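Notes follow the structure.
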Amino acid sequence: MNGENRNVSCDGKSRLHRRDCQTGGNAFGKESRILKRSEFVRLSRKSRKVYNGHFLALFDRGIDGKTRLGITVTKRVGNAVIRNQLKRYVREFFRQHRRSFESGMDVNIIVKKEASGIPSREAYLSLHSIFSRIRN
C-alpha cells in the first residue's frame with residue numbers, strides 16, 4: 001500500500017485521508033453516491049426531470065440529508081472506454097460543484113447516446129446547464 005489512504009493531519013487538528021487533504025475535502029466517497037438499485041428506482045418514479053442534448057437528470061430530496069450522485073450509462077453509449085470517461089466527467093463536475101447544491105438532494109445523471117465521444121469542455125458546459133437548472 002502506498003499510504004494513499006492512511007490517516008494524516010492536514011491542518012494539525014483534524015484527521016483526514018491524504019486524498020482529502022489534496023482535494024480540499026472534496027473527495028467523492030461512498031457517502032456521496034447513490035449505490036442501491038432501490039434508490040435509483042425511487043428516483044426514477046418520483047423525481048423531477050431536467051435534460052439537454054447529452055444528459056438527463058432525475059432529482060429529488062434525499063433521505064439522509066446529504067447530497068448524493070448516481071450515474072447511469074448504458075451500453076448503447078459507446079464502448080467501455082467512452083462510458084468510463086463520461087462517468088469521470090460527471091463525477092468530477094459534481095465533486096467540484098457539490099457545495100452549490102441544497103443539502104439532501106439525490107441526483108441521477110443518465111448519459112444519452114449523443115454524449116458519446118464529446119470533448120470534456122462540451123461535457124462540462126452541458127453538465128453546467130443541467131445542474132444550474134436543477135438549482136433553480
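Going by the C-alpha cells order, chains are called A, B, ..., each with residues numbered from 1, while ligands are numbered from 1 in the order shown.
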
Region 28-45 of chain A: which residues within 12 Å, counting only C-alpha atoms, same-chain residues fewer than 5 positions away excluded, as number ranges by chain?
A: 17, 19-20, 23, 56-72, 88, 90-99, 103-110

As a PyMOL selection string, which residues of chain A does DSSP assign to strand (DSSP E)?
chain A and resi 7-9+15-17+48-51+55-61+68-73+105-111

Against region 114-118 of chain A, which residues of region 10-96 of chain A fall within 12 Å? For each one I want the closest pair of atoms and the distance in Å (one decimal), counting only C-alpha atoms, rows by chain and increasing residue number, as JSON lines.
```
{"residue": "A:Asn52", "atom": "CA", "partner": "A:Glu114", "partner_atom": "CA", "distance": 10.2}
{"residue": "A:Gly53", "atom": "CA", "partner": "A:Glu114", "partner_atom": "CA", "distance": 6.9}
{"residue": "A:His54", "atom": "CA", "partner": "A:Ala115", "partner_atom": "CA", "distance": 4.7}
{"residue": "A:Phe55", "atom": "CA", "partner": "A:Ala115", "partner_atom": "CA", "distance": 7.4}
{"residue": "A:Leu56", "atom": "CA", "partner": "A:Ala115", "partner_atom": "CA", "distance": 10.8}
{"residue": "A:Val73", "atom": "CA", "partner": "A:Ala115", "partner_atom": "CA", "distance": 10.1}
{"residue": "A:Thr74", "atom": "CA", "partner": "A:Ser116", "partner_atom": "CA", "distance": 10.9}
{"residue": "A:Lys75", "atom": "CA", "partner": "A:Ser116", "partner_atom": "CA", "distance": 10.7}
{"residue": "A:Arg76", "atom": "CA", "partner": "A:Ser116", "partner_atom": "CA", "distance": 9.1}
{"residue": "A:Val77", "atom": "CA", "partner": "A:Ser116", "partner_atom": "CA", "distance": 5.6}
{"residue": "A:Gly78", "atom": "CA", "partner": "A:Ser116", "partner_atom": "CA", "distance": 5.6}
{"residue": "A:Asn79", "atom": "CA", "partner": "A:Ser116", "partner_atom": "CA", "distance": 8.8}
{"residue": "A:Ala80", "atom": "CA", "partner": "A:Ser116", "partner_atom": "CA", "distance": 10.7}
{"residue": "A:Val81", "atom": "CA", "partner": "A:Gly117", "partner_atom": "CA", "distance": 9.9}
{"residue": "A:Ile82", "atom": "CA", "partner": "A:Gly117", "partner_atom": "CA", "distance": 6.5}
{"residue": "A:Arg83", "atom": "CA", "partner": "A:Ser116", "partner_atom": "CA", "distance": 7.6}
{"residue": "A:Asn84", "atom": "CA", "partner": "A:Ser116", "partner_atom": "CA", "distance": 10.7}
{"residue": "A:Gln85", "atom": "CA", "partner": "A:Gly117", "partner_atom": "CA", "distance": 9.0}
{"residue": "A:Leu86", "atom": "CA", "partner": "A:Ser116", "partner_atom": "CA", "distance": 7.9}
{"residue": "A:Lys87", "atom": "CA", "partner": "A:Ala115", "partner_atom": "CA", "distance": 11.0}
{"residue": "A:Tyr89", "atom": "CA", "partner": "A:Ile118", "partner_atom": "CA", "distance": 10.6}
{"residue": "A:Val90", "atom": "CA", "partner": "A:Ala115", "partner_atom": "CA", "distance": 11.6}
```

Would you mind reading off the distance between CA of Ile130 (chain A) and CA of Lys49 (chain A), one decimal, in Å?
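For CA of Ile130 (chain A) relative to CA of Lys49 (chain A), the distance reads 9.9 Å.
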